[in-house]
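Source file: input_15.cif. Holds: mmCIF, C-alpha atoms and all ligand atoms.
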data_work
loop_
_atom_site.label_atom_id
_atom_site.label_comp_id
_atom_site.auth_asym_id
_atom_site.auth_seq_id
_atom_site.Cartn_x
_atom_site.Cartn_y
_atom_site.Cartn_z
CA MET A 1 39.66 8.66 -5.19
CA LYS A 2 41.29 5.68 -6.80
CA ALA A 3 38.84 3.43 -8.65
CA ARG A 4 38.09 0.01 -7.15
CA ASP A 5 37.65 -3.15 -9.17
CA PRO A 6 33.89 -3.26 -9.87
CA ILE A 7 33.96 -6.92 -10.93
CA ALA A 8 35.64 -7.95 -7.71
CA ASP A 9 33.06 -5.96 -5.74
CA LEU A 10 30.14 -7.62 -7.56
CA ARG A 11 31.62 -11.06 -6.94
CA ARG A 12 32.20 -10.26 -3.30
CA ILE A 13 28.56 -9.22 -2.92
CA ALA A 14 27.39 -12.45 -4.57
CA PHE A 15 29.58 -14.47 -2.24
CA LEU A 16 28.30 -12.72 0.88
CA LEU A 17 24.68 -13.11 -0.24
CA GLU A 18 25.22 -16.82 -0.84
CA ARG A 19 26.84 -17.26 2.51
CA ALA A 20 23.87 -15.51 4.13
CA ASN A 21 21.58 -17.95 2.30
CA GLU A 22 19.78 -15.23 0.35
CA ALA A 23 17.52 -15.99 -2.61
CA THR A 24 19.30 -17.48 -5.61
CA TYR A 25 17.91 -14.95 -8.08
CA ARG A 26 19.53 -12.13 -6.11
CA VAL A 27 22.91 -13.84 -6.06
CA ARG A 28 22.59 -14.50 -9.77
CA ALA A 29 21.99 -10.80 -10.49
CA PHE A 30 25.44 -9.95 -9.14
CA ARG A 31 27.18 -12.89 -10.77
CA SER A 32 25.58 -12.11 -14.15
CA ALA A 33 26.60 -8.48 -13.93
CA ALA A 34 30.18 -9.47 -13.06
CA LYS A 35 30.24 -11.79 -16.05
CA ALA A 36 28.83 -9.13 -18.41
CA LEU A 37 31.51 -6.65 -17.36
CA ALA A 38 34.34 -9.18 -17.50
CA GLY A 39 33.77 -9.46 -21.25
CA LEU A 40 34.28 -5.75 -21.88
CA PRO A 41 37.35 -3.46 -21.97
CA ALA A 42 37.69 -1.48 -18.73
CA THR A 43 37.49 1.76 -20.71
CA GLU A 44 34.06 0.86 -22.05
CA VAL A 45 32.81 -0.03 -18.57
CA ALA A 46 34.04 3.33 -17.29
CA ALA A 47 32.46 5.21 -20.22
CA ARG A 48 29.14 3.47 -19.69
CA ALA A 49 29.22 4.20 -15.96
CA ASP A 50 29.82 7.86 -16.83
CA ASN A 51 26.98 8.21 -19.28
CA GLY A 52 24.57 5.92 -17.45
CA THR A 53 24.31 3.20 -20.09
CA LEU A 54 25.52 0.22 -18.06
CA THR A 55 21.94 -1.05 -17.77
CA GLU A 56 21.80 -1.45 -21.55
CA LEU A 57 24.11 -4.43 -21.12
CA ALA A 58 22.41 -7.79 -20.78
CA GLY A 59 22.77 -8.94 -17.17
CA VAL A 60 23.19 -5.47 -15.64
CA GLY A 61 20.29 -3.93 -13.72
CA ASP A 62 19.78 -0.74 -11.73
CA VAL A 63 21.20 -2.09 -8.49
CA THR A 64 24.28 -3.67 -10.02
CA ALA A 65 24.90 -0.61 -12.21
CA ARG A 66 24.87 1.57 -9.12
CA CYS A 67 27.42 -0.70 -7.43
CA VAL A 68 29.69 -0.46 -10.48
CA ALA A 69 29.44 3.33 -10.57
CA GLU A 70 30.30 3.52 -6.88
CA SER A 71 33.28 1.17 -7.29
CA LEU A 72 34.63 3.18 -10.19
CA ALA A 73 34.25 6.35 -8.15
CA GLY A 74 36.54 4.73 -5.60
CA GLU A 75 33.82 4.09 -3.00
CA GLU A 76 32.95 0.79 -1.47
CA PRO A 77 29.46 0.14 -2.93
CA VAL A 78 26.72 0.90 -0.38
CA TYR A 79 25.26 -2.56 -0.98
CA LEU A 80 28.56 -4.22 -0.14
CA ARG A 81 29.14 -1.97 2.84
CA ARG A 82 25.78 -2.98 4.33
CA LEU A 83 26.46 -6.66 3.78
CA VAL A 84 29.85 -6.41 5.43
CA ALA A 85 28.44 -4.34 8.30
CA THR A 86 25.71 -6.85 9.14
CA GLU A 87 27.71 -9.96 8.25
CA GLY A 88 29.97 -10.38 11.21
CA SER A 89 27.34 -9.29 13.71
CA ASP A 90 25.15 -11.51 15.79
CA LEU A 91 21.82 -10.98 14.08
CA ASP A 92 19.96 -12.80 16.77
CA ALA A 93 21.33 -10.46 19.40
CA GLU A 94 20.56 -7.45 17.23
CA ALA A 95 16.99 -8.50 16.58
CA THR A 96 16.55 -9.12 20.31
CA ALA A 97 17.96 -5.68 21.14
CA LEU A 98 15.66 -4.06 18.59
CA ARG A 99 12.63 -5.87 19.98
CA ALA A 100 13.62 -4.90 23.52
CA ALA A 101 13.87 -1.26 22.46
CA LEU A 102 10.30 -1.15 21.12
CA LYS A 103 7.96 0.66 23.49
CA GLY A 104 4.77 0.21 21.53
CA ASP A 105 3.01 -0.86 18.37
CA CYS A 106 1.68 1.64 15.84
CA HIS A 107 -0.64 -0.57 13.75
CA THR A 108 -3.36 -2.69 15.39
CA HIS A 109 -7.03 -3.51 14.83
CA SER A 110 -9.96 -4.19 17.13
CA ASP A 111 -13.42 -5.61 16.57
CA TRP A 112 -14.59 -2.11 15.69
CA SER A 113 -13.28 -2.94 12.19
CA ASP A 114 -11.90 -6.34 11.12
CA GLY A 115 -10.06 -7.34 14.27
CA GLY A 116 -11.28 -10.23 16.40
CA SER A 117 -11.18 -8.68 19.87
CA PRO A 118 -12.43 -5.69 21.83
CA ILE A 119 -10.10 -2.74 22.38
CA GLU A 120 -9.75 -3.63 26.09
CA GLU A 121 -8.42 -7.11 25.22
CA MET A 122 -5.87 -5.72 22.80
CA ALA A 123 -4.73 -3.17 25.36
CA LEU A 124 -4.34 -5.73 28.16
CA ALA A 125 -2.29 -8.00 25.90
CA ALA A 126 -0.06 -5.03 25.06
CA VAL A 127 0.39 -4.29 28.77
CA GLU A 128 1.42 -7.91 29.32
CA LEU A 129 3.98 -7.65 26.52
CA GLY A 130 5.54 -4.74 28.37
CA HIS A 131 4.47 -2.04 25.92
CA GLU A 132 3.95 1.54 27.07
CA TYR A 133 1.39 2.18 24.37
CA LEU A 134 -0.72 0.65 21.68
CA VAL A 135 -1.87 2.69 18.73
CA LEU A 136 -5.35 1.60 17.71
CA THR A 137 -5.61 1.89 13.92
CA ASP A 138 -8.92 0.53 12.73
CA HIS A 139 -9.81 0.85 9.05
CA SER A 140 -11.34 3.86 7.26
CA PRO A 141 -14.85 4.04 5.68
CA ARG A 142 -14.00 3.02 2.11
CA LEU A 143 -12.78 -0.40 3.25
CA THR A 144 -16.30 -1.73 3.72
CA VAL A 145 -15.19 -5.41 3.73
CA ALA A 146 -13.27 -4.62 6.90
CA ARG A 147 -16.14 -2.58 8.43
CA GLY A 148 -14.13 0.62 8.09
CA LEU A 149 -15.19 3.32 10.55
CA THR A 150 -17.25 6.27 9.34
CA ALA A 151 -16.39 9.66 10.79
CA ASP A 152 -19.20 9.23 13.32
CA ARG A 153 -18.09 5.79 14.44
CA LEU A 154 -14.52 7.01 14.74
CA ARG A 155 -15.67 9.90 16.95
CA ARG A 156 -17.51 7.39 19.13
CA GLN A 157 -14.39 5.21 19.23
CA LEU A 158 -12.35 8.18 20.46
CA ASP A 159 -14.77 8.67 23.36
CA HIS A 160 -14.64 4.96 24.11
CA VAL A 161 -10.82 4.90 24.07
CA ALA A 162 -10.77 7.76 26.57
CA GLN A 163 -12.94 5.68 28.93
CA VAL A 164 -10.84 2.53 28.45
CA ASN A 165 -7.65 4.50 29.07
CA ALA A 166 -8.98 5.79 32.37
CA ALA A 167 -9.28 2.18 33.61
CA LEU A 168 -5.90 0.91 32.36
CA PRO A 169 -2.78 0.66 34.53
CA GLU A 170 -0.80 3.83 34.99
CA GLY A 171 2.12 4.15 32.62
CA PHE A 172 0.22 2.54 29.74
CA ARG A 173 -1.93 4.32 27.22
CA ILE A 174 -3.91 3.51 24.10
CA LEU A 175 -3.04 6.11 21.50
CA THR A 176 -5.71 7.00 18.99
CA GLY A 177 -5.15 6.33 15.33
CA ILE A 178 -6.38 4.99 12.05
CA GLU A 179 -5.22 2.86 9.16
CA VAL A 180 -6.54 5.19 6.52
CA ASP A 181 -6.98 4.04 2.95
CA ILE A 182 -4.84 5.81 0.38
CA LEU A 183 -7.44 6.45 -2.31
CA ALA A 184 -6.85 6.25 -6.07
CA ASP A 185 -5.85 9.93 -6.26
CA GLY A 186 -3.56 9.68 -3.24
CA SER A 187 -5.95 11.45 -0.87
CA LEU A 188 -6.73 9.96 2.55
CA ASP A 189 -10.08 8.37 3.31
CA GLN A 190 -11.15 10.35 6.40
CA ASP A 191 -12.04 13.93 7.38
CA ASP A 192 -9.04 16.21 7.83
CA GLU A 193 -10.40 17.42 11.15
CA LEU A 194 -10.38 13.86 12.50
CA LEU A 195 -6.98 13.00 11.02
CA ALA A 196 -5.60 16.08 12.78
CA ARG A 197 -7.11 14.93 16.10
CA LEU A 198 -5.65 11.41 16.01
CA ASP A 199 -2.33 10.63 17.65
CA VAL A 200 -0.99 8.49 14.78
CA VAL A 201 -2.09 8.11 11.17
CA VAL A 202 -0.99 5.02 9.24
CA GLY A 203 -1.91 5.13 5.54
CA SER A 204 -2.05 2.07 3.30
CA VAL A 205 -3.04 1.12 -0.22
CA HIS A 206 -5.76 -1.57 -0.16
CA SER A 207 -7.33 -1.18 -3.60
CA GLY A 208 -6.08 -0.86 -7.16
CA LEU A 209 -2.92 -2.71 -6.14
CA LYS A 210 -2.27 -3.43 -9.79
CA ASP A 211 -2.28 0.24 -10.80
CA ASP A 212 0.45 0.91 -13.33
CA ARG A 213 3.81 2.16 -12.09
CA ALA A 214 3.30 5.84 -12.90
CA LYS A 215 -0.16 5.96 -11.33
CA MET A 216 0.86 4.06 -8.18
CA THR A 217 3.96 6.23 -7.74
CA ARG A 218 1.89 9.42 -8.04
CA ARG A 219 -0.70 8.04 -5.66
CA MET A 220 1.88 7.17 -3.01
CA LEU A 221 3.82 10.42 -3.42
CA THR A 222 0.63 12.41 -2.89
CA ALA A 223 -0.14 10.47 0.29
CA VAL A 224 3.40 10.72 1.65
CA ALA A 225 3.37 14.50 1.16
CA ASN A 226 0.10 14.78 3.12
CA PRO A 227 1.04 16.29 6.50
CA HIS A 228 -1.50 14.07 8.27
CA LEU A 229 0.24 10.87 7.19
CA ASP A 230 2.75 9.66 9.77
CA ILE A 231 3.50 6.09 8.67
CA LEU A 232 3.26 4.47 5.25
CA GLY A 233 1.75 1.01 5.90
CA HIS A 234 2.65 -2.32 4.18
CA VAL A 235 4.30 -0.51 1.31
CA THR A 236 4.12 -3.06 -1.53
CA GLY A 237 0.87 -4.83 -0.60
CA ARG A 238 2.47 -8.19 -1.29
CA MET A 239 1.31 -11.47 0.27
CA VAL A 240 4.09 -14.03 0.44
CA SER A 241 2.26 -16.99 1.91
CA SER A 242 -1.08 -18.21 3.01
CA ARG A 243 -2.13 -17.16 6.45
CA PRO A 244 -0.41 -18.90 9.31
CA ALA A 245 -2.46 -21.27 11.44
CA GLY A 246 -4.73 -19.48 13.86
CA VAL A 247 -5.09 -16.38 11.76
CA THR A 248 -8.13 -17.55 9.83
CA GLY A 249 -11.73 -16.80 10.58
CA PRO A 250 -14.01 -13.81 10.77
CA GLY A 251 -11.52 -11.89 12.87
CA ASP A 252 -9.30 -11.41 9.91
CA ARG A 253 -11.42 -10.22 7.06
CA GLY A 254 -9.51 -8.24 4.50
CA HIS A 255 -6.49 -10.50 4.67
CA ARG A 256 -7.94 -13.30 2.62
CA ALA A 257 -5.55 -13.35 -0.32
CA ARG A 258 -3.06 -16.21 -0.45
CA THR A 259 -0.19 -14.77 -2.42
CA ARG A 260 -0.03 -11.45 -4.20
CA ALA A 261 2.73 -9.75 -6.16
CA GLU A 262 4.24 -6.46 -5.04
CA SER A 263 2.64 -3.31 -6.38
CA ASP A 264 4.75 -1.61 -9.00
CA PHE A 265 6.01 1.88 -8.08
CA ASP A 266 9.21 3.92 -8.11
CA ALA A 267 10.49 2.93 -4.68
CA ASP A 268 13.42 5.36 -4.74
CA ALA A 269 11.10 8.29 -5.43
CA VAL A 270 8.65 7.21 -2.72
CA PHE A 271 11.38 6.66 -0.11
CA ALA A 272 13.04 9.97 -1.01
CA ALA A 273 9.67 11.64 -0.37
CA CYS A 274 9.27 9.76 2.94
CA ALA A 275 12.68 11.04 4.01
CA GLU A 276 11.85 14.57 2.86
CA TYR A 277 8.45 14.79 4.56
CA GLY A 278 9.47 12.76 7.60
CA THR A 279 6.94 9.99 6.94
CA ALA A 280 8.05 6.70 8.52
CA VAL A 281 8.13 3.51 6.45
CA GLU A 282 6.38 0.60 8.12
CA ILE A 283 8.12 -2.74 8.53
CA ASN A 284 5.02 -4.92 8.70
CA SER A 285 5.65 -8.00 10.83
CA ARG A 286 2.76 -10.16 9.64
CA PRO A 287 4.24 -13.48 8.45
CA GLU A 288 2.14 -13.48 5.29
CA ARG A 289 3.09 -9.90 4.40
CA GLN A 290 6.78 -9.40 5.35
CA ASP A 291 6.41 -6.02 3.75
CA PRO A 292 8.52 -4.28 2.52
CA PRO A 293 10.86 -7.00 1.26
CA LYS A 294 14.43 -6.70 2.55
CA ARG A 295 15.82 -5.16 -0.64
CA LEU A 296 13.35 -2.29 -0.23
CA ILE A 297 14.07 -1.88 3.50
CA ARG A 298 17.72 -1.41 2.45
CA ARG A 299 16.73 1.17 -0.16
CA ALA A 300 14.60 3.06 2.38
CA LEU A 301 17.53 3.01 4.78
CA GLU A 302 19.83 4.43 2.11
CA ALA A 303 17.25 7.15 1.44
CA GLY A 304 17.43 8.17 5.11
CA CYS A 305 13.91 7.07 6.11
CA ARG A 306 12.58 6.46 9.56
CA PHE A 307 10.80 3.17 10.25
CA ALA A 308 7.99 1.78 12.42
CA ILE A 309 8.10 -1.93 13.23
CA ASN A 310 4.43 -2.86 13.54
CA THR A 311 2.42 -6.04 13.91
CA ASP A 312 -0.81 -5.05 12.12
CA ALA A 313 -2.34 -7.36 14.76
CA HIS A 314 -5.96 -8.38 14.33
CA ALA A 315 -5.97 -10.39 17.57
CA PRO A 316 -4.17 -10.07 20.93
CA GLY A 317 -1.71 -12.96 20.36
CA GLN A 318 -0.57 -11.36 17.12
CA LEU A 319 0.79 -8.41 19.10
CA ASP A 320 3.78 -10.65 19.81
CA TRP A 321 4.70 -10.81 16.12
CA GLN A 322 6.99 -7.76 16.30
CA ARG A 323 9.91 -10.16 16.62
CA PHE A 324 9.49 -11.12 12.93
CA GLY A 325 9.76 -7.51 11.82
CA CYS A 326 12.78 -6.99 14.10
CA GLU A 327 14.58 -9.96 12.54
CA ARG A 328 14.11 -8.55 9.05
CA ALA A 329 15.11 -5.07 10.17
CA ALA A 330 18.27 -6.47 11.82
CA LEU A 331 19.17 -8.35 8.63
CA CYS A 332 19.08 -5.01 6.82
CA GLY A 333 21.06 -3.16 9.50
CA VAL A 334 18.21 -0.83 10.55
CA PRO A 335 19.55 1.22 13.49
CA VAL A 336 17.48 1.34 16.68
CA ASP A 337 17.29 5.14 16.67
CA SER A 338 15.65 5.22 13.24
CA VAL A 339 12.62 3.30 14.55
CA VAL A 340 9.88 5.64 15.79
CA ASN A 341 8.24 3.12 18.09
CA THR A 342 11.39 2.87 20.18
CA TRP A 343 10.35 6.33 21.36
CA SER A 344 8.15 7.00 24.39
CA ALA A 345 4.47 7.77 23.81
CA LYS A 346 5.20 11.40 24.59
CA GLN A 347 7.99 11.64 22.01
CA LEU A 348 5.95 9.77 19.44
CA VAL A 349 2.94 12.04 19.81
CA ALA A 350 5.16 15.14 19.81
CA TRP A 351 6.57 13.92 16.49
CA THR A 352 3.20 13.21 14.88
CA HIS A 353 1.69 16.47 16.11
CA GLU A 354 4.55 18.64 14.92
CA ARG A 355 3.87 17.10 11.51
CA ALA A 356 0.11 17.96 11.58
ZN ZN B 401 -3.78 -2.80 5.78
ZN ZN B 402 -3.93 -3.18 9.15
#
When written as structure tokens, how does the structure in this file appear?
Amino acid sequence: MKARDPIADLRRIAFLLERANEATYRVRAFRSAAKALAGLPATEVAARADNGTLTELAGVGDVTARCVAESLAGEEPVYLRRLVATEGSDLDAEATALRAALKGDCHTHSDWSDGGSPIEEMALAAVELGHEYLVLTDHSPRLTVARGLTADRLRRQLDHVAQVNAALPEGFRILTGIEVDILADGSLDQDDELLARLDVVVGSVHSGLKDDRAKMTRRMLTAVANPHLDILGHVTGRMVSSRPAGVTGPGDRGHRARTRAESDFDADAVFAACAEYGTAVEINSRPERQDPPKRLIRRALEAGCRFAINTDAHAPGQLDWQRFGCERAALCGVPVDSVVNTWSAKQLVAWTHERA
């Protein structure tokens, strides 16, 4: 294929990002890369793209280098293609359509761990929102600050959920689940026998968030490859803002941090593993998390991952926060059919159980 002009492509990306009011530092990355390349002979740019040394140039990073390589190969850079694809569309309409397609929520907490309300209350709120199911994912034992459930308490919870389900309106069901801690070695913090019994297993990192890149990557890869893990929760662990009003208090223990940087890990390796093992990547809707950030949602999409748009609700009203996740997903062009909680409860459980 005939090579494209990589500098023109970088500038076009910067322009579209600016027009979409994206963060200045991101725009600058593309403008700086364009400037760095403009000062070099085209033959050197091509040679560097060939031998992978573009990133040695000041102002050129991994993302911009990939765009350049794609341009030179005659392809419209994936980054540009996504911007163009989402640019002309009505994002509001797309976010609304995505929200309307969601049939349930795969990450919620009750007062059995650090949520503020009984399971029944959460379920009734979900019924009122029009959901077909709510996956109850209270914390695992190691997260003692959040009153994580021991194996015995979880067994009791399963019995209790069966009773609550019997009294709920027909057509709605609480699905059993857990938000299991991903431990330092990547193993999951609950008995295998129980993990196998649960309908949905969300796994998240809650400790050692500052582990170095190699260790965190290994830890996450081990968890993603575990057949019990269905959804990788709040992938980076970041906190972008203080808690919104109404989210404070004893009902939200474990979410006390104000802001926190993203964990450092090889996102491409982790998303490639998610795609390979069929583990869905969570788009966490909590306003203070907004995790993963949009650039990583785009990378996960490129890797071919599935997603789950979850609220991580710790109170009934928070179950309505899915809209926030849908807006971010729509901005990144996440297709409806890649989101596992657009499926019926039956399909969802068939998917998790075929996995383990
Ligand atoms: Zn969590
Ligand atoms: Zn949670």
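When atom CA of A:Arg323 is paired with atom CA of A:Lys294, their separation reads 15.2 Å.
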(message) Could you list, as a ChimeraX atom specification, all protein and nucleic acid residues with an atom at most 7 Å from ligand ZN 401 (chain B), counting only C-alpha atoms and all ligand atoms?
(response) /A:179,204,206,233-234
(message) Residues near A:Val84, anyone? I mean within 12 Å using only C-alpha atoms, not counting same-chain ones fewer than 3 positions away, as a list in words.
(response) Asp9, Arg12, Ile13, Ala14, Phe15, Leu16, Leu17, Arg19, Ala20, Glu76, Pro77, Val78, Tyr79, Leu80, Arg81, Glu87, Gly88, Ser89, Leu331, Cys332 and Gly333 of chain A
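The nearest approach to A:Ala313 among the residues A:Ala329, A:Cys67, A:Leu57, A:Ile119, with all atoms listed in the file taken into account, belongs to A:Ile119.
Nearest-residue note for A:His131: choosing from A:Asp211, A:Asp152, A:Glu282, A:Asp105, the minimum distance belongs to A:Asp105, counting only C-alpha atoms.
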(message) Between A:Thr64, A:Ser117, A:Asn51, A:Thr342, which residue has the minimum interatomic distance to A:Ser32, considering only C-alpha atoms?
(response) A:Thr64
(request) Would you please work out which residue, of A:Ala126, A:Val336, A:Ala223, A:Ile178, is nearest to A:Leu319 when using all atoms listed in the file? (result) A:Ala126
